[in-house]
Each structure stands twice: as C-alpha cells, then as structure tokens.
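**Student:** Questions regarding the structure given below will be posed in turn.
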There are 4 protein chains.
Amino acid sequence: MSLDPIPTPSCPPPDILRCAYMELVVTDLARSRAFYADVLGLAVTEEDDQAVYLRSMDEFIHHNLVLRQGPVAAVAAFAYRVRSPEDLDKAVAFYTELGCRIERRPEGFNKGIGDSVRVEDPLGFPQEFFHDVEHVERLGWRYDLHVPGALVRLDHFNQVTPDVPRAVKHMEDLAFRVTEDIQDEHGTTYAAWMRRKPTVHDTAMTGGDGPRMHHVAFATHEKHNILSICDKLGALRLSDRIERGPGRHGVSNAFYLYLRDPDGHRVEIYTQDYYTGDPDNPVVTWDVHDNQRRDWWGTPVVPSWYTEASLVLDLDGKPKPVVARTDSSEMEVTIGADGFSYTRKGEAMPEYKLGNQL
Amino acid sequence: MSLDPIPTPSCPPPDILRCAYMELVVTDLARSRAFYADVLGLAVTEEDDQAVYLRSMDEFIHHNLVLRQGPVAAVAAFAYRVRSPEDLDKAVAFYTELGCRIERRPEGFNKGIGDSVRVEDPLGFPQEFFHDVEHVERLGWRYDLHVPGALVRLDHFNQVTPDVPRAVKHMEDLAFRVTEDIQDEHGTTYAAWMRRKPTVHDTAMTGGDGPRMHHVAFATHEKHNILSICDKLGALRLSDRIERGPGRHGVSNAFYLYLRDPDGHRVEIYTQDYYTGDPDNPVVTWDVHDNQRRDWWGTPVVPSWYTEASLVLDLDGKPKPVVARTDSSEMEVTIGADGFSYTRKGEAMPEYKLGNQL
Amino acid sequence: MSLDPIPTPSCPPPDILRCAYMELVVTDLARSRAFYADVLGLAVTEEDDQAVYLRSMDEFIHHNLVLRQGPVAAVAAFAYRVRSPEDLDKAVAFYTELGCRIERRPEGFNKGIGDSVRVEDPLGFPQEFFHDVEHVERLGWRYDLHVPGALVRLDHFNQVTPDVPRAVKHMEDLAFRVTEDIQDEHGTTYAAWMRRKPTVHDTAMTGGDGPRMHHVAFATHEKHNILSICDKLGALRLSDRIERGPGRHGVSNAFYLYLRDPDGHRVEIYTQDYYTGDPDNPVVTWDVHDNQRRDWWGTPVVPSWYTEASLVLDLDGKPKPVVARTDSSEMEVTIGADGFSYTRKGEAMPEYKLGNQL
Amino acid sequence: MSLDPIPTPSCPPPDILRCAYMELVVTDLARSRAFYADVLGLAVTEEDDQAVYLRSMDEFIHHNLVLRQGPVAAVAAFAYRVRSPEDLDKAVAFYTELGCRIERRPEGFNKGIGDSVRVEDPLGFPQEFFHDVEHVERLGWRYDLHVPGALVRLDHFNQVTPDVPRAVKHMEDLAFRVTEDIQDEHGTTYAAWMRRKPTVHDTAMTGGDGPRMHHVAFATHEKHNILSICDKLGALRLSDRIERGPGRHGVSNAFYLYLRDPDGHRVEIYTQDYYTGDPDNPVVTWDVHDNQRRDWWGTPVVPSWYTEASLVLDLDGKPKPVVARTDSSEMEVTIGADGFSYTRKGEAMPEYKLGNQL
C-alpha cells in the first residue's frame, strides 16, 4: 500500500479497450523512420516532414506509433482507445475530479485520430484517450509485405514510477487489473503488470525514478520472427541496438527482445503470453530474488535495463521532472553488493549467471 | 435475413466471457483418452470410469474438454463461462422468454464446475453457462510437460445449422459479434464467425444439415507445433486421423489442421488469428467462389469436411433430429458440377486445385 | 534389374561433388525472373536480355539456376560440380566409352563457369560437369536480404525415366549411391533417390515417360520458411502456383512444397532430411502401397504430380523425344481403379485420404 | 605458423568420415543419465551399471555419446568413424610415425563398436578411430519419441589447445580442412574450425590451456527446438545449466546454446550452419576484435566460457597435464582491461554490450 494514495474518483472511469499508440519525440526523424520502417518493417500509414505514422501488420486503426521530430527525445503520449465517444466525457470527468491538467481536441492531437482527451495523470504521465479513428487496411493477409520479423500488434507500454503500489491503485481505479507482480518477502512491490484487453498487460509499472517510459512493445507471431530481427541487426552492423535478450520472461511467460532506438527509446519485441480475460484470472506473484522472474532461463539482466528510460512530456511539451524511487531498487536487491538471486532457493548460482555483479 | 427469425428477448443476455469447454460423448472412453491425452497431450485434470476431464496448457479452470462414455457419439454441451454468478439468472430469464427447455444444477453437470444452466437453445444446440469453477494449476510454465504439439488454449466451437442468418441473428442477441463471413453475390450466407473474447471467434455457424457440431478447436503457440502433431500421427500410423490440412485459412488468417477423433468427432488445431476486440472491428466478407477463402493456399477442401459432423444431444441425452439445409450448399456452389471457384476472378484454375471435383 | 542395362565403362567416373545448377529454358524471361527473384527471393548474380543467373543465400559459386529465354520450356542442363579440373577429362573418357554425344567448352556454357563438359547421357538427359567457377558473396550472413521464405541451398534434381533400375545402375556407375527407393512386392521399382553429397539425394529417378525433368529443389532452413512462401503466394493471388503440399515426405523425411513456375516447370522447396555420408548408410525401401511413403501424413498426391514434367533438350537445343514407361505406374497401382494404398496394412482408409481416386 | 610444428607423416592419414561419438567420464552416472536422456531426450541404445550409450534421433550407429562412471570428470575419447576397416591400419601407421602411444582393440573400447584404434595424439588428445559398428534403428521418423528439443545429430567436438596454428597444421595432415578462423591484425590465431564432413566443423581448436575438451555439440532441426530446451530447464529449475546463449554465432552462422552438464562438461546445441564440401570453399577469417564474431548479435561472452574446460585422459585413464597458452588470450584482448571489441570499427559500444568487462 502506498502512504500517499491517489484518491479514487467518484465518477466512473472511461471504458478503455486497449493500449493503442505511443507518440515518441525523436531528434532525427529520418534516422528514426529508417529504424522503425526499414529495419523493423512497420508500415508507414502517412508521413510529413514533422511526423511519421506507423502501424503493425494486423492493425486497422491509423497508427500504433507516431514519430515526431523534436528537440528532446521523450514520450509525448501513451494513447488508449476507449469503447465509445462518450467515454471521452467520462475521462474528462474522471481526471477533473483528480485535479489533473486536461486538454481536449475535437480534431485530435495526431492525424487519423478524431476527438481526443490528453491529461497529465496523477503519476505524471501524458495519457491520451480517443475513440474516433480512421480505418486503414489490415495488412495481416498481405504476406507480400511481411518481413521475416513482422510486427503484428502493439502489445503494451511499460512505465517507470517511484511508488509502484500507488501507481497500481490508481490504474485499478481506471479499471485496469493486475495479472502479475514482483515482490519481496517484506511486501515491497518492484513491478506490476496490468491489463484491459485480455493479455498479460496493456501497461506495466516498473519501480524506479519516474515518471519515465521504460518501453513500448510490439508482438510478432512466432519466436523465430524475433530471432530474425537480431540476425538482421547483425547484418546491418547494428547489433548494439540489442540491449537485452532474446529470452523467455518468467513474468508473462512471453518470449522477448529489447532494442534501443536511435534516440535510446527502448522497444520490446514480444510474443506468446496468455489469456487473462476471466475476472478471477489468477495473479502470479514472483519473488524478487527468483532469478527466473525476469528471464526464465536465468540470463542476467543488464544494468542499463534497470536504470535507463525515456523522459515523458507535459502537455506543454516540456519534460516532466523525475522523482527518485525511495523504496528498494530491484537491481540492488538482486545483483548489487548486498543483493542476491537464486535458481533454487538456498543454493548459490554459478558465476556465469551473475552477469555484471562480478 | 432469415424468414423465420428467433425473437429477441426483452431481458438482457448473460455476459459471456468465452467458450470454455465441450462435453463429448464417446463410445470407447479408453480409446478416446489415448487420443486426447497421449497423442495430443492434453492434461488430465481428473478422471473416473465414466469421464475424463482434460485441459490445455494455459488453462486455469478445471477443464476444456470432457470425454464421457456413452452409447452414441455426440456432443452433450457447448459450455460458456459467464462473468458473474448473476449471469446465470440472466441466462435463465433469456431462454425462458424464448420458450426453451432449461435445466439448472447448482452442483454443476460436470466435476470441477459449480452452479450451471443448460438449455436447448432455439437452434437446437445444448448450451451450458457457468461461472463457478475449480481453479487448477496453469501449466504454461511447466515446459517439462509440454509435448512438441502442445495445445495451449481452447479456441472455439463450430456449429452446423441449416439457416445461417437465423443463427447469427440469435447469437447477436446473445451479444456475440460477427467478425467474418462467407456470402455469394445473391446474399446467401454460407458461414459466419462470431466472438465474445477478442479473437476471430468463440463459435462459428456453418451452413448445413443441423443442429450438429462441426468441430472444437484448440490453439498452439506456433505453426511447427501443428506440424509436429501430423508427424507424430504418421509415426503412430494414425495419419488417417488427419482429415484436412495443415494449411492457412483465408477466413481468420489462422494456421489450421483438422483431425478426426476415434469416434469421428472433428478437432481443429489452430494458431495465429488476430485481435478483434474493438467495437468497430472491420467485418471481412469473403466471396464463396474465392478459392482462397477456406484455404489461403487454394488447397481443395475434402468433401467430408463439408458433409460430416457430430450429432448433438438434447437435455435428456437423446440425439437431436437433423434438419436439412435448404439454401445453397457451399460444397455444391464451389466444387460440384455447377460450382466454380477462382484464384483470380475470371481465370480458370489448374486441375490440381480442383481436388475431388474431377 | 533392367533388361537393357547400360554398360559400365572401364574408366573411372568423374568425382562429382554435388548438383550445382540447372539451366531452364523459359518462354518469358521477365515473367520467370519475377517468379524466382521477386516471389521466391533468389539472388540475381548477373543478368542480360537472354538469361538471368540466380543463386541461393548460402551459395558461393556464381549461380544455382540459369533462366534462359527460349522458344520451348525445357531443361537445357543438369549441372554438377566436380572435384578438380582433371575430372572433366574423366567425364569425357567415361561418356566417350558409352558412345554419348559430348561437347566441351573451355569458356563454359554459361557466365561465371569455366571449362565445362556437356553430354547427352545414355538416359537421354543433358548433363553438365564443371569445376572452374567464379566465386561470389555468400549471402548467408546478409540477413538484411533474406525474405521470410529464404532459399539457402540448391538441394537436388529429380528426373523422370521409364526404366528406373536401368537409370539407377547407370548412376551408380557414376558413383552415386542409393539412399531410399519405392518398390512393390514384385520387385518393381517406382523411384529411387541417389546422392553424392551426404544428403538424401543430389538427384532422384522417378518412373514415368522420359527423359523429362520432374523438379529442381531448393532448401530452406526451417519449415516456417516454406509456409511463408505459401502465404506470400496467397497474398499475390498466385496460390494456383502451389501444386502439392506443404507436407512431410515419408521418403527422405523432409518437409516439402511443390510449386509450378510460370512455364509449368516444377520447383520443390525442401528442408530437413538427414546425413547419409557413411558408406554403409542404411537404404530405406518403401512399399509402393504405403500411403505414407510420398506424404507421411497421408495427404493424397495430386495426379498432375505423377504425370506432368518438363521436356529436356539435346545438345542442339531440341527437345528429346519422350519414351513411355512400360512398367507399372505408381499412380495406377496406388490411386487408380485397380490401385490401393494403406495407412495400416490390411485396413481401409477413410475417403478423405483417397483424393481424386473417388 | 607454429614454432614447434608436428612433422607431417610420410604415410597417408586414415579417411575420416566424421566425428562419431565422445566418451565422457562422469562422476555420478545416474545423474548424468538423467541430464542427457531425460532432460535432453537422447535415446538410450544400451546401458549397464558402468556406462550408458546414447544416440541422437537421426543416428544409425550404436551411439554418439558414452557416459562412463569414473572418479574424475574427463574425456576418455574423441571418436571418429573412418571409411573402411583398412583405414585403421593407416591410422596405426600414421601415429606410429609420429611416435604416439597407440592401443588397438579388435573388440572395441565400447559396446556396439568393433575394431578400434586409440591414440594419444601429438596434441595430447585421446583420439579414437573405428569403422565397424552395430547398426540400430534410425529414430528420425519416430516422432512419437521426439521431445520438443529433439537432438538429431552429433555435430562436432571443440578442443582447447595452447598453440592453435600447431594444432591446425596437424589436423590438416590428418586431412581436415579449415573453414573459418579468428585472428588479429598481428596474425595471432585464436581459434580455428575444421571439417571432414561438409559442415563447418567436425572439430575446432580453441586457444587456451590444454589439452582440454571445450565442448561436444549436438544439432537440432530448428531454432525453436533449442529455445524449448531452455524453457524446459527453466521449468525444472535447472536454468543454471545454461551457461551461454541461445544466440547466433558469427563464426559458422549457426544458432547455438551452451549448457553445462552435472559434471561441468560443456554441451553445445547447434543448428543451421552451411555446406562446406567444395574443395575451394571460401575460408572466413574473423577479426578477434569484431564483437559479432562469437555472437552475431553482440551478446557478451561469459568469462567461464573462455576459461573453463574438461580434462582429457591418457590411454591409462589418467588426466593429461594441462599446458598454459602463451599466445594472447582471446578473452584478454577483447574484454580485459587492455582489450577492446567493436560493432562498427572505430566506434565505441554501449555498456550493455560489454558484459563483465565493467
């Protein structure tokens, strides 16, 4: 439980369908376009000299990612689609009651999107809600356009926040449901995964200095698709874009890969988690010291993955100040001088499982 | 539109989460257990001398399939999970208004399931609704138990009914949504796919003599899992259990395989359709003459797949009489003497794409 | 044993390394280039207005396939690479002793190839032998150039000949070794697979009216690569290029797909047979009535696969006359009116395993 | 070039077909059997209380691995199959001329093997040569016995030796051919790969304190098979058996995984290198500073992989003394204090690519 809980509004939250797109500010639009469109193979729906609108192969809405030229690499919006136009009114009421700064634009903040509400939420994140959207061709059957590592769906966001229980409680007020989390024996929560659509998550809260954006994740159909992205990056002499993985997560049971885009924004490629749509879907709690929680194969997590993340912008487009986490850090309790992890409780691990701890 | 529509009840339908399990009557329980548990690798949750309860690897409810010893191979229930216990009352009210025969059992019709409502629905199918269920271990992480063709999820049912538009309208009253269908230029509907959970379907209606059960489908993670099932059946000299496929569906864009179990019940193995959870998800209508609708690679559909299906039982356990379809048959308009299909509209196809039509 | 055996020359055969390339005459060069380069993704090493030279991803010699514009679709050469330049002299001596027509060109018959010997072999096939060859970049590491269905290697040829034992005996004189064959209980041989490199084959002899070319086969790394070719053909509305498969062969245990190119030349895509390099490698003999011999899953073979094949050219570029097979035909003994096949010896098969037999 | 070359014998070497099996001494036979048979799924051909004989799925000779109970974990033999019985006489002559200790046993050193020659070769390794062998069932078609991570073939050995050029020259005398190697700009060779069968290697020489055994490698058909081994080890809480990978090698272009067995013997799982059987197959030389040479994705190599290896036994079963490498160490020139690696020559790499170097 957080000592500083965000109040639960009396009015109902908007009915969120799913995470729908992220707006990323990039410092060199052509370079970022090359990464997302040419290397990763996302489809360009539309573009101009200020922005590129990209979508995944199975998507029918206008975009899942907006790259926008700007002075500082950051996230301009975590955008969710809501069930109906009326849910925008609910969003306004919900955040008004919380005293948040709100901006509504009937014409949308981005091309292809209609009436939209943006807020600086109580956690400091720029959240967008919209329903009206331009439909475009679903490219799922257009196998002539699929690359070996075809990205088929936007899967989830991941946010860094200092106080995870506080963030979880607020997201539950917004009708998200927790599917998995990481805790220690003292009850400290290090991270939590929450969903609207019935997958493991639409977003996750990762404990750390925040508000920052940890990553945005796209799904492939199969594991070999993810491996082929690595192979291609090697061929392009861009293997240093691979930060972590590929591997199998313990949390979510998905196969994963983490990349860093030209601005350092982290992108996950992800496949094969599980259905979570029943209201009594069992929550999985992982021990922070379980070395298989973050990687089921016990591969060490690189320190940068714990410490680096992207800034987020306020509604004026200025970076939000970052507040330090005061709870224990997952990196320190697991791989720092005083940290420990186990494969089998009570047994030491071989050196090659300790990574940078040595 | 059907000429004989089923009225829309005034009371709201139960909130169905998903197709949850099928109860199959089999004539040799040991033989069927060997097929589903030993060959296909479904996990046995519980069994006695009358029934075997099986589940897929990612499932946390007691079972996705019940095999029950009986005198005639048939389907005893298409069972759906509903969101709350109160939805059972809604189900009773809904079907009462439709004049259907209803049976409610607080202790459930099967082990591991609590309060349940069974009805003979207006289409003649035995439908079950339940919420209370025993939780069991989700075996998704238990890779030591996964076979090469691991089945991870119950995906959908498929029902045969003479009048597809009539069936669709009734399922829409039950709050199912159509995702895809097959029609001809005269507006005749040959089949329709409908969902509650956000996949292409929880059930489909296939035009034909009915009520009968066309198939029950389980999902794998990847396509090679499906291929390995075929390889294993070959090794066991059971390749004649493979009726159709593997192949890629046009409808649903999923990779598929159809098997026939020891009683002739059809089982589909299925993977990689797409997210359909938005309310404005685009409906895909396929031309019945498009040879890629049923198999994206144009592989001919075997006639048995169109004509054979399983009987369904009434609430007394007696087979429901089968009513003939009077609309055009998909088989006849596509591969019969007067039928035709095309790969490219207006162009003839090579003989090897015509299958048994020759 | 053949009643009309080809004599064994007294001089040693050339030391053949492997099947290396096929020269195909095509009637519309641009159309064929589009199929092999754009659809299948073979790399174009070089081209002019009369010919296109293509290679697979792992190849370092100039080409594995030559498409040459010509008036009649046919095969101009089955080309094998030999171990040393001296092996060309051995080839000349070997075929001279057999009374074959021979043509030697120090500058080669095709670009990128040096000193070459072409013969009309005693079976009527245009065979080429060469050693000198231009090296080009091996594209195996160039994953930026790989399509989802990347072809990595030329695997084998397949030839149609009326008298299989006669052909086998001659190929054994050329130091090929049989790895598998199909026979009946009377000792009739329907097909045989033979290798130089340690895979199941460099070429196979298929019983039928010949000399004709049955197919040329390229290998992929994995099965999903083959499936993606089918998916792409569907997307391009070219699914009618898929003649048979994908499936698992009994013979060779490989995963396969048969396509027909724009001229009707048959191309196999093939993956995952086994090592055969030991001199006592066990020969596998399949019963012609075993329904799993041609497809391990028992999928019926389409008649065209048995009956259609490409003409081959003599050294003047004229089509060789085709001689009818007089032994029993595999198609007739297995799927004709008097034919039969079994999944389990002595048991009938379901109709859906009988294909066009009905 | 080595300053201390091993003389080239005047008599010809035996004609080696391929690496055929390794005899491993293990300190707890039951525990090792559980690892190789139950976890990895190798087939047990035969066993007694002193030894277990295992083979891969596509193998037809008696075994590819012998586990023998003993006091010290070590390698008793690297065994190669030769083309004919006469090659054993050639082996005796070859090593006699080199002054090596030789032991010939007509009844073989292991079950299922006939006449065999064992030598302590000039590099200090226990090498075995045999031709006669018991044939057993090839399990390639027995998909009912295949686990998700089925090992289909013994692929290669890897040996640690202080002076790589000296070892390479000796292996070339034995008619091995180099396919790839790692060197620096001063001509120091850090490792070399050599083949008899036409894959990238039957054995490799890795620079380090030796003679020791670096690893033995088994092949799978596809990459997902390797991933499934990792998943299973995680499920069994044995993820600490995973030392390095999975990943894509630069050298060999194969997909790989390194495990440590219960005694610490290193086992590689490997798939998809390329054909190397032409005599002019291009040798690939990698720059030791190229960070993609050992892992194409640039994932850091764990230090233990460079430093740890298994002892080898002399013909009396006593561990051979280990001689230190005096040339530069690959680990030190690439990840030590004075070492460096690059993704793109001249550019620094991000911290997460430096592994334990930090």
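Going by the structure tokens order, chains are called A, B, ..., each with residues numbered from 1, while ligands are numbered from 1 in the order shown.
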Pull out every residue of chain A sitting within 10 Å of chain D, counting only C-alpha atoms, and send them as number ranges by chain.
**Tutor:** A: 222-224, 227-250, 253, 255, 291-292, 295-305, 342-345, 348-358
**Student:** Pick out the residues sitting within 7 Å of Val133 (chain B), and hand them over as an MDAnalysis selection string; count only C-alpha atoms, and ignore anything fewer than 6 positions along from it in its own chain.
**Tutor:** chainID B and resid 61:62 112:114
**Student:** I'd like the contact shell of Ser32 (chain B) - 9 Å cut-off, only C-alpha atoms, skipping same-chain residues fewer than 3 positions apart - returned as a list in words.
**Tutor:**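 Returned residues: Val26, Thr27, Asp28, Leu29, Phe35, Tyr36, Ala37, Leu67, Asp261, Pro262 and Asp263 of chain B.
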**Student:** Can you tell me how far CA of Met22 (chain B) sits from CA of Thr189 (chain B), in Å to one decimal?
**Tutor:** 26.0 Å
**Student:** Among the residues of region 191-312 of chain C, find those DSSP assigns to strand (DSSP E or B) from the backbone and print them as number ranges by chain.
**Tutor:** C: 191-195, 203-207, 210, 212-219, 242-248, 255-260, 266-271, 284-287, 290, 310-312
**Student:** Considering only helix (DSSP H, G or I) as DSSP defines it on the backbone, what residues of region 62-277 of chain A qualify? List them as JSON, numbers by chain.
**Tutor:** {"A": [86, 87, 88, 89, 90, 91, 92, 93, 94, 95, 96, 97, 139, 140, 141, 143, 144, 145, 164, 165, 166, 167, 168, 169, 170, 171, 172, 173, 223, 224, 225, 226, 227, 228, 229, 230, 231, 232, 233, 234, 235, 239, 240, 241, 251, 252, 253]}
**Student:** Give me, please, the distance in Å between CA of Glu134 (chain B) and CA of Ile226 (chain B), quoted to one decimal.
**Tutor:**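 Those two atoms sit 29.2 Å apart.
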**Student:** State, in Å with one decimal place, the distance from CA of His146 (chain B) to CA of Leu151 (chain D).
**Tutor:** 16.4 Å
**Student:** Would you list the contacts of Val75 (chain D) as a PyMOL selection string, taking every protein, DNA or RNA residue within 8 Å and counting only C-alpha atoms, but skipping same-chain residues closer than 2 positions in sequence?
**Tutor:** chain D and resi 22-25+73+77-78+213+310-313
